[in-house]
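First up is the structure itself, then whatever we jot down about it.
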Amino acid sequence: MTSVTGLLGRDDELARLRDLIAGQRSRFVTVTGPPGVGKTRLARTVAPTCLAPGVAITTVELGAVSDPGRVLAEIALALGIDPRGVEQQPELLAKLIGSGPMLLFLDDCDRVVDAGPDLAALLRATLGLVILATSRERFRLVQERELALPPLSSPERADDTNLDRLRASPAVQLFVARARAATPDFGLTPENAPAVSEICRRLDGLPLAIELAAARTRLFTPTEIGARLHQRMTLLVAGPRDSSPRHRSLRTALDWSVDLLTEDERAVFRRLSLFTTSANLAAIEAVCGEPGWDLPEILDSLLHKSLILRLETADASSRYGMLESLRELGFEKLATAGELEHILTRLSGYLAELSITGEQSVGTADEPEWLAWLSQVAPDLRRAFDHSRQTGADDAATSLAVSLAWFSHVRGHVREGSELLHDFMAAAGRDGDDRTSTAAALAGGVLAYGCGEAELSQRLLTRAIAVSEDREDSRRTAVGLSFLGHVHRSLEEPAAAEHAYERAMAIYERDGNRWGAAWSRHDLGVLARDQGDLDAADRLLAESLHWFRDVDHTWAGAWAAWGLGAVRLDSGERDGLSLVLEALRTHQEVGDLRGVAESIGSVAEAATLAGDPVTAARLLGAAYALRCALAGPGKAQTDVFGRGPTAPLRHALGDDLAEHEWETGRKLPLAAAVSLAESVHARPPTAADAAGLTPREREVAAYVATGRTNRAIARSLGIAEKTVEVHLSHVMTKIEAQSRAAVAAWTVAHGLPRPKG
């Protein structure tokens with residue numbers, strides 16, 4: 001979490017940092033300084049002004065990371081790449097990042113400076129990467145340039161009675177501004193000026209410390225604040241001699257602020273620090289409270305004293321968090337008080353209960369709310385899961401891992417989620433009658449499907465379905481059948497897939513679950529597209545999209561828009577591309593990287609139809625790379641995009657150029673790939689459109705004109721021979737041709753491009 005301080009008095013540092021980055025004097029710049037000095041705000045302010053248009057900035061928050069070996073994995077996560085496999089392998093991460101220009105902003109590196117060698121190797125392995133970091137100390141690398149950010153300039157004692165000079169002091173300006181926020185009628189006067197000046201000096205000009213002191217003007221005069229501040233600094237002068245004076249000064253300010261609290265307020269403050277980002281009132285009551293405490297009143301007091309922040313979410317609800325320096329202090333006090341294990345157990349139990357309840361929303365109208373909750377608490381879920389597993393709380397660990405598994409599925413990080421779930425799958429399966437075990441089997445089957453492990457997925461899903469049917473648990477039965485249908489579809493078993501999907505839809509419709517029925521229509525629509533029945537696919541997917549939009553399920557609607565857009569691209573309809581791009585933007589907004597990959601792959605098809613094979617090849621390469629990064633190079637995950645350029649692209653570009661452009665696409669950063677996809681435009685209408693031929697039918701007709709057999713056409717297009725027969729039959733019906741020769745003649749007469757090779 002960043003400081004809320006401004007950039008008063010930072011003109012020189014702003015100019016120097018711009019010169020280091022924009023002037024290309026270094027590819028690795030570290031802004032150093034004590035906590036609360038404004039390192040993050042300075043870096044965030046400068047970074048966008050130093051880059052050429054279109055260059056991506058990726059922010060990696062490292063304040064919660066204590067293991068330097070995890071830094072590369074955290075960078076991978078921020079880039080939308082599966083972190084497994086890249087730890088301590090900078091060359092592999094560099095390959096996934098690509099060679100394009102990018103600024104990597106590593107924030108709050110205080111505890112991971114030993115990761116310097118890995119970061120240096122990452123720089124050596126890339127061409128366009130620039131790293132901007134913030135830390136209390138530099139990484140001590142040869143190629144690193146340091147910008148040491150000093151505290152704000154404070155007034156001299158000689159100026160204590162000179163109001164004009166005091167008002168020109170950045171430290172005093174900050175104190176007055178924050179004091180007015182706490183007490184609107186506050187002003188700098190001849191009476192309080194000496195005390196304000198003294199406060200700024202005693203706090204070493206550190207913005208966070210000044211803000212905390214200024215907030216106390218709600219309760220105390222500047223003279224009273226100065227007196228208390230003097231006492232606290234004197235008390236802590238005898239602190240550790242190996243810590244810097246500035247660090248001791250900041251700690252003095254923070255400790256002093258906390259010591260002003262009541263016992264109940266101090267307890268809530270230190271317990272609240274356990275939440276990684278923020279928490280709502282219900283979570284704080286469950287984890288931090290005690291009988292008889294008025295938590296809303298305590299939180300209000302902490303808010304007024306600037307020790308916590310109130311954050312409004314998209315749904316207009318309130319969450320409460322801390323500045324990072326305060327969080328670190330609170331966490332230290334939590335451990336010192338001997339409460340850490342106890343409060344961690346509380347947190348784990350609370351989240352486990354919510355996980356059990358939340359899993360019951362899968363496949364229902366409550367699903368979006370649960371997914372939003374998962375996004376907010378994912379880091380805390382991971383912490384709680386680790387604690388539960390380490391303490392032997394198997395039931396809690398299982399419930400927490402189920403939530404993490406579904407979150408990983410929705411966000412596309414299927415490999416990470418699957419391995420997490422498999423860590424305890426054997427323990428979770430110890431009791432076949434346990435509902436939590438059934439939920440784990442269902443979630444495990446979902447993730448195994450996503451990773452291309454069809455046999456494991458089928459086994460887990462079949463088990464979950466059988467137990468759910470025995471218990472008349474229709475919701476889990478239907479969800480399991482839906483994903484079992486996905487497995488059959490991935491194995492090219494359309495009849496079995498259709499049977500599973502229709503069984504799921506029958507259950508949803510019987511239960512009046514319109515939500516689940518919309519998903520079943522989506523699944524049947526995608527299957528119909530696979531089978532070349534574009535009319536049925538269009539109808540089913542359009543119904544699905546309408547229903548999801550009607551209930552405002554953004555994520556599900558994105559998948560329906562993608563499916564419908566892909567069908568309409570196949571049909572040559574001009575709104576196909578706009579639907580796919582709508583899905584792409586939504587998937588990117590909600591963080592579903594698997595959906596981003598699918599959408600980019602479909603835009604590649606649109607680029608092919610628009611006569612832009614270079615862009616198409618690059619987009620296919622980008623989609624393939626993203627899929628590999630998410631789930632590893634498993635067959636079911638990557639072959640949908642191919643392990644290289646498709647036959648039509650090879651024909652259009654030639655083998656060498658097609659391979660080159662595909663490899664170029666594989667190296668594109670995610671932001672660049674999305675930008676490239678958004679630049680694609682729909683193709684103009686052609687004569688073949690007038691006849692109603694789909695893009696695939698046009699391809700088949702063009703190959704027929706070369707004299708190839710159905711088997712040869714199937715090999716060239718990478719589809720089944722039976723599918724070629726179906727497409728050719730449609731072509732002959734639409735153009736009223738009675739023979740292959742007539743198809744060939746019509747193709748030549750209407751100017752369909754002749755495939756190469």
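Just so we're on the same page: first chain in the structure tokens is A, next is B, and so on; residues restart at 1 for each chain, and ligands are numbered from 1 in the order they show up.
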Selection near Ser544 in chain A, 8 Å with only C-alpha atoms, sequence-local residues under 5 positions removed, as a list in words: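 After dropping sequence-adjacent residues, the list is Ala518, Trp519, Arg521, His522, Gly557 and Ala560 of chain A.
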Put those residues in a file: all heavy atoms, as a PDB file, in the first residue's frame.
```pdb
ATOM      1  N   ALA A 518     -28.000 -21.274 -18.331  1.00  0.00           N
ATOM      2  CA  ALA A 518     -27.273 -20.410 -19.270  1.00  0.00           C
ATOM      3  C   ALA A 518     -25.893 -20.977 -19.558  1.00  0.00           C
ATOM      4  O   ALA A 518     -25.417 -20.962 -20.701  1.00  0.00           O
ATOM      5  CB  ALA A 518     -27.163 -18.998 -18.693  1.00  0.00           C
ATOM      6  N   TRP A 519     -25.228 -21.491 -18.510  1.00  0.00           N
ATOM      7  CA  TRP A 519     -23.929 -22.124 -18.736  1.00  0.00           C
ATOM      8  C   TRP A 519     -24.072 -23.351 -19.629  1.00  0.00           C
ATOM      9  O   TRP A 519     -23.231 -23.603 -20.505  1.00  0.00           O
ATOM     10  CB  TRP A 519     -23.303 -22.530 -17.401  1.00  0.00           C
ATOM     11  CG  TRP A 519     -22.443 -21.481 -16.768  1.00  0.00           C
ATOM     12  CD1 TRP A 519     -22.609 -20.896 -15.556  1.00  0.00           C
ATOM     13  CD2 TRP A 519     -21.255 -20.887 -17.321  1.00  0.00           C
ATOM     14  NE1 TRP A 519     -21.614 -19.975 -15.304  1.00  0.00           N
ATOM     15  CE2 TRP A 519     -20.766 -19.951 -16.379  1.00  0.00           C
ATOM     16  CE3 TRP A 519     -20.573 -21.050 -18.519  1.00  0.00           C
ATOM     17  CZ2 TRP A 519     -19.619 -19.189 -16.586  1.00  0.00           C
ATOM     18  CZ3 TRP A 519     -19.423 -20.284 -18.737  1.00  0.00           C
ATOM     19  CH2 TRP A 519     -18.959 -19.377 -17.789  1.00  0.00           C
ATOM     20  N   ARG A 521     -26.301 -23.902 -21.956  1.00  0.00           N
ATOM     21  CA  ARG A 521     -26.491 -23.442 -23.336  1.00  0.00           C
ATOM     22  C   ARG A 521     -25.162 -22.989 -23.938  1.00  0.00           C
ATOM     23  O   ARG A 521     -24.889 -23.226 -25.115  1.00  0.00           O
ATOM     24  CB  ARG A 521     -27.523 -22.315 -23.370  1.00  0.00           C
ATOM     25  CG  ARG A 521     -28.949 -22.828 -23.347  1.00  0.00           C
ATOM     26  CD  ARG A 521     -29.962 -21.726 -23.071  1.00  0.00           C
ATOM     27  NE  ARG A 521     -31.325 -22.208 -23.309  1.00  0.00           N
ATOM     28  CZ  ARG A 521     -31.967 -23.051 -22.513  1.00  0.00           C
ATOM     29  NH1 ARG A 521     -31.376 -23.501 -21.421  1.00  0.00           N
ATOM     30  NH2 ARG A 521     -33.195 -23.447 -22.796  1.00  0.00           N
ATOM     31  N   HIS A 522     -24.357 -22.317 -23.121  1.00  0.00           N
ATOM     32  CA  HIS A 522     -23.026 -21.929 -23.602  1.00  0.00           C
ATOM     33  C   HIS A 522     -22.228 -23.163 -24.009  1.00  0.00           C
ATOM     34  O   HIS A 522     -21.623 -23.220 -25.088  1.00  0.00           O
ATOM     35  CB  HIS A 522     -22.285 -21.164 -22.503  1.00  0.00           C
ATOM     36  CG  HIS A 522     -20.828 -20.975 -22.770  1.00  0.00           C
ATOM     37  ND1 HIS A 522     -19.877 -21.923 -22.422  1.00  0.00           N
ATOM     38  CD2 HIS A 522     -20.138 -19.962 -23.360  1.00  0.00           C
ATOM     39  CE1 HIS A 522     -18.693 -21.514 -22.792  1.00  0.00           C
ATOM     40  NE2 HIS A 522     -18.811 -20.321 -23.351  1.00  0.00           N
ATOM     41  N   GLY A 557     -20.531 -13.673 -18.979  1.00  0.00           N
ATOM     42  CA  GLY A 557     -20.918 -13.012 -20.221  1.00  0.00           C
ATOM     43  C   GLY A 557     -19.760 -12.873 -21.187  1.00  0.00           C
ATOM     44  O   GLY A 557     -19.948 -12.939 -22.412  1.00  0.00           O
ATOM     45  N   ALA A 560     -19.478 -16.136 -22.999  1.00  0.00           N
ATOM     46  CA  ALA A 560     -20.543 -16.277 -23.983  1.00  0.00           C
ATOM     47  C   ALA A 560     -20.295 -15.368 -25.188  1.00  0.00           C
ATOM     48  O   ALA A 560     -20.527 -15.757 -26.344  1.00  0.00           O
ATOM     49  CB  ALA A 560     -21.890 -15.966 -23.345  1.00  0.00           C
TER      50      ALA A 560
END
```
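For Ala73 in chain A, the list of residues within 9 Å, based on only C-alpha atoms and with local chain neighbours fewer than 3 positions off taken out, reads Gly69, Arg70, Ala76, Leu77, Ala78, Ile81, Asp82, Pro83, Arg84, Gly85, Val86, Glu87, Gln88 and Leu93 of chain A.
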Residues near Glu678 in chain A, anyone? I mean within 10 Å using only C-alpha atoms, not counting same-chain ones fewer than 4 positions away, as a ChimeraX atom specification. /A:577-578,580-582,584-585,600,603,672-674
Write down as a list of chain:residue names the residues belonging to range 100-238 of chain A that are assigned strand (DSSP E) by DSSP computed on the backbone. A:Met102, A:Leu103, A:Leu104, A:Phe105, A:Leu106, A:Asp107, A:Leu129, A:Val130, A:Ile131, A:Leu132, A:Ala133, A:Thr134, A:Ser135, A:Glu144, A:Arg145, A:Glu146, A:Leu147, A:Ala148
Keeping C-alpha atoms for every residue in the selection just given, could you write it to a file as a PDB file, in the first residue's frame?
```pdb
ATOM      1  CA  MET A 102       8.850  -2.771 -20.638  1.00  0.00           C
ATOM      2  CA  LEU A 103       9.303  -1.048 -17.299  1.00  0.00           C
ATOM      3  CA  LEU A 104       9.156  -3.348 -14.301  1.00  0.00           C
ATOM      4  CA  PHE A 105       8.301  -1.470 -11.090  1.00  0.00           C
ATOM      5  CA  LEU A 106       9.358  -3.490  -8.039  1.00  0.00           C
ATOM      6  CA  ASP A 107       7.831  -1.826  -5.000  1.00  0.00           C
ATOM      7  CA  LEU A 129      13.516  -4.329 -19.892  1.00  0.00           C
ATOM      8  CA  VAL A 130      14.080  -1.487 -17.398  1.00  0.00           C
ATOM      9  CA  ILE A 131      13.736  -2.084 -13.650  1.00  0.00           C
ATOM     10  CA  LEU A 132      12.685   0.653 -11.238  1.00  0.00           C
ATOM     11  CA  ALA A 133      12.710  -0.438  -7.605  1.00  0.00           C
ATOM     12  CA  THR A 134      11.980   1.069  -4.196  1.00  0.00           C
ATOM     13  CA  SER A 135      13.780  -0.165  -1.110  1.00  0.00           C
ATOM     14  CA  GLU A 144      22.392  -0.416 -10.546  1.00  0.00           C
ATOM     15  CA  ARG A 145      22.027   3.352 -10.084  1.00  0.00           C
ATOM     16  CA  GLU A 146      20.723   4.619  -6.786  1.00  0.00           C
ATOM     17  CA  LEU A 147      18.564   7.638  -6.112  1.00  0.00           C
ATOM     18  CA  ALA A 148      18.610   8.258  -2.372  1.00  0.00           C
TER      19      ALA A 148
END
```
Any idea what the distance is between CA of Leu461 in chain A and CA of Asp394 in chain A?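 Pair CA of Leu461 in chain A / CA of Asp394 in chain A returns 21.5 Å.
Every protein or nucleic acid residue with an atom no more than 12 Å from Leu281 in chain A, counting only C-alpha atoms and leaving out same-chain residues fewer than 4 positions away, appears here: Val268, Leu272, Glu285, Ala286, Val287, Cys288, Gly289, Asp294, Leu295, Pro296, Glu297, Ile298, Leu299, Asp300, Arg310, Leu311, Ser317, Ser318, Arg319, Tyr320 and Gly321 of chain A.
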Find the residues near Leu545 in chain A: any atom within 12 Å, counting only C-alpha atoms, skip ones fewer than 5 places away on the same chain, and give them as an MDAnalysis selection string. chainID A and resid 515 517:523 525 537:540 550:565 579 583
Using C-alpha atoms, can you export the residues from the last selection as a PDB file, in the first residue's frame?
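So result03.pdb came out as:
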```
ATOM      1  CA  TRP A 515     -27.996 -19.321 -14.167  1.00  0.00           C
ATOM      2  CA  ALA A 517     -29.007 -23.379 -17.633  1.00  0.00           C
ATOM      3  CA  ALA A 518     -27.273 -20.410 -19.270  1.00  0.00           C
ATOM      4  CA  TRP A 519     -23.929 -22.124 -18.736  1.00  0.00           C
ATOM      5  CA  SER A 520     -25.309 -25.337 -20.262  1.00  0.00           C
ATOM      6  CA  ARG A 521     -26.491 -23.442 -23.336  1.00  0.00           C
ATOM      7  CA  HIS A 522     -23.026 -21.929 -23.602  1.00  0.00           C
ATOM      8  CA  ASP A 523     -21.422 -25.373 -23.398  1.00  0.00           C
ATOM      9  CA  GLY A 525     -23.232 -23.915 -28.239  1.00  0.00           C
ATOM     10  CA  ALA A 537     -24.236 -22.705 -32.019  1.00  0.00           C
ATOM     11  CA  ASP A 538     -25.341 -19.146 -32.765  1.00  0.00           C
ATOM     12  CA  ARG A 539     -28.772 -19.699 -31.231  1.00  0.00           C
ATOM     13  CA  LEU A 540     -27.488 -21.344 -28.058  1.00  0.00           C
ATOM     14  CA  ASP A 550     -29.575  -9.905 -17.978  1.00  0.00           C
ATOM     15  CA  VAL A 551     -28.209 -10.940 -14.575  1.00  0.00           C
ATOM     16  CA  ASP A 552     -25.020  -8.881 -14.967  1.00  0.00           C
ATOM     17  CA  HIS A 553     -22.581 -11.805 -14.692  1.00  0.00           C
ATOM     18  CA  THR A 554     -19.627 -10.056 -16.326  1.00  0.00           C
ATOM     19  CA  TRP A 555     -17.184 -12.952 -16.350  1.00  0.00           C
ATOM     20  CA  ALA A 556     -19.649 -15.536 -17.680  1.00  0.00           C
ATOM     21  CA  GLY A 557     -20.918 -13.012 -20.221  1.00  0.00           C
ATOM     22  CA  ALA A 558     -17.385 -12.598 -21.525  1.00  0.00           C
ATOM     23  CA  TRP A 559     -17.170 -16.324 -22.250  1.00  0.00           C
ATOM     24  CA  ALA A 560     -20.543 -16.277 -23.983  1.00  0.00           C
ATOM     25  CA  ALA A 561     -19.513 -13.222 -26.030  1.00  0.00           C
ATOM     26  CA  TRP A 562     -16.304 -14.979 -27.030  1.00  0.00           C
ATOM     27  CA  GLY A 563     -18.155 -18.133 -28.101  1.00  0.00           C
ATOM     28  CA  LEU A 564     -20.780 -16.226 -30.062  1.00  0.00           C
ATOM     29  CA  GLY A 565     -18.161 -14.006 -31.639  1.00  0.00           C
ATOM     30  CA  LEU A 579     -17.973  -9.628 -29.766  1.00  0.00           C
ATOM     31  CA  ALA A 583     -14.744 -10.604 -24.448  1.00  0.00           C
TER      32      ALA A 583
END
```
Write out as an mmCIF file with C-alpha atoms, in the first residue's frame which residues come within 7 Å of range 168-185 of chain A when counting only C-alpha atoms, dropping same-chain ones fewer than 4 positions away.
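Writing the result to around08.cif gives the following:
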```cif
data_model
loop_
_atom_site.group_PDB
_atom_site.id
_atom_site.type_symbol
_atom_site.label_atom_id
_atom_site.label_comp_id
_atom_site.auth_asym_id
_atom_site.auth_seq_id
_atom_site.Cartn_x
_atom_site.Cartn_y
_atom_site.Cartn_z
ATOM 1 C CA LEU A 8 6.168 18.701 -1.927
ATOM 2 C CA GLY A 9 9.815 19.709 -2.291
ATOM 3 C CA LEU A 152 11.545 16.664 3.348
ATOM 4 C CA SER A 153 13.381 19.875 4.092
ATOM 5 C CA SER A 154 12.504 21.104 7.576
ATOM 6 C CA PRO A 155 12.800 24.670 8.872
ATOM 7 C CA ASP A 164 6.652 33.347 5.542
ATOM 8 C CA SER A 197 8.479 23.801 13.306
ATOM 9 C CA CYS A 200 8.795 18.741 11.752
ATOM 10 C CA GLY A 205 11.001 15.546 7.864
ATOM 11 C CA ILE A 210 4.465 14.162 10.016
ATOM 12 C CA GLU A 211 1.057 12.992 8.826
ATOM 13 C CA ALA A 214 -0.693 16.310 12.256
ATOM 14 C CA ALA A 215 -3.697 14.003 12.566
ATOM 15 C CA THR A 217 -4.463 18.012 16.116
ATOM 16 C CA ARG A 218 -7.976 16.636 16.427
#
```
Can you tell me, as a VMD selection string, what residues are no more than 12 Å from Gln360 in chain A when counting only C-alpha atoms, ignoring any on the same chain fewer than 5 positions away? chain A and resid 353 to 355 365 to 367 369 to 371 399 402 to 403 406 435 to 436 438 to 439 442 to 443 473 to 476 479
Writing out the chosen residues with C-alpha atoms as a compact mmCIF listing (two decimals), in the first residue's frame:
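Result file follows (out11.txt):
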```txt
# COMPACT_ATOMS: atom_id res chain seq x y z
CA GLU A 353 -16.30 -21.28 6.99
CA LEU A 354 -16.81 -18.70 4.26
CA SER A 355 -15.16 -21.05 1.79
CA ALA A 365 -26.79 -16.67 -9.18
CA ASP A 366 -24.61 -16.03 -6.13
CA GLU A 367 -21.47 -17.08 -7.97
CA GLU A 369 -20.45 -12.27 -5.50
CA TRP A 370 -18.32 -15.17 -4.31
CA LEU A 371 -15.81 -14.69 -7.12
CA SER A 399 -12.06 -26.00 2.44
CA VAL A 402 -11.18 -25.59 -2.67
CA SER A 403 -11.68 -21.81 -2.70
CA TRP A 406 -11.86 -22.24 -7.97
CA ARG A 435 -19.10 -33.16 1.75
CA THR A 436 -15.86 -31.19 1.94
CA THR A 438 -16.67 -34.13 -2.47
CA ALA A 439 -16.17 -30.41 -3.02
CA LEU A 442 -15.08 -31.56 -7.88
CA ALA A 443 -12.62 -28.66 -7.75
CA ASP A 473 -27.04 -32.84 -4.35
CA SER A 474 -28.29 -31.64 -7.70
CA ARG A 475 -26.12 -28.52 -7.88
CA ARG A 476 -22.80 -30.34 -7.56
CA VAL A 479 -21.57 -28.72 -12.15
```
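The nearest approach to Thr664 in chain A among the residues A:His499, A:Lys333, A:Arg618, A:Arg44, with only C-alpha atoms taken into account, belongs to A:Arg618.
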Give the answer as one residue: which of A:Ala652, A:Leu670, A:Leu42, A:Ala464 has the shortest atom-to-atom distance to Ile97 in chain A, using only C-alpha atoms?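 Smallest distance to Ile97 in chain A is found for A:Leu670.
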Hey, which of A:Glu263, A:Thr477, A:Lys722, A:Thr30 ends up closest to Val362 in chain A? Count only C-alpha atoms.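 With only C-alpha atoms as the atom set, the closest residue is A:Thr477.
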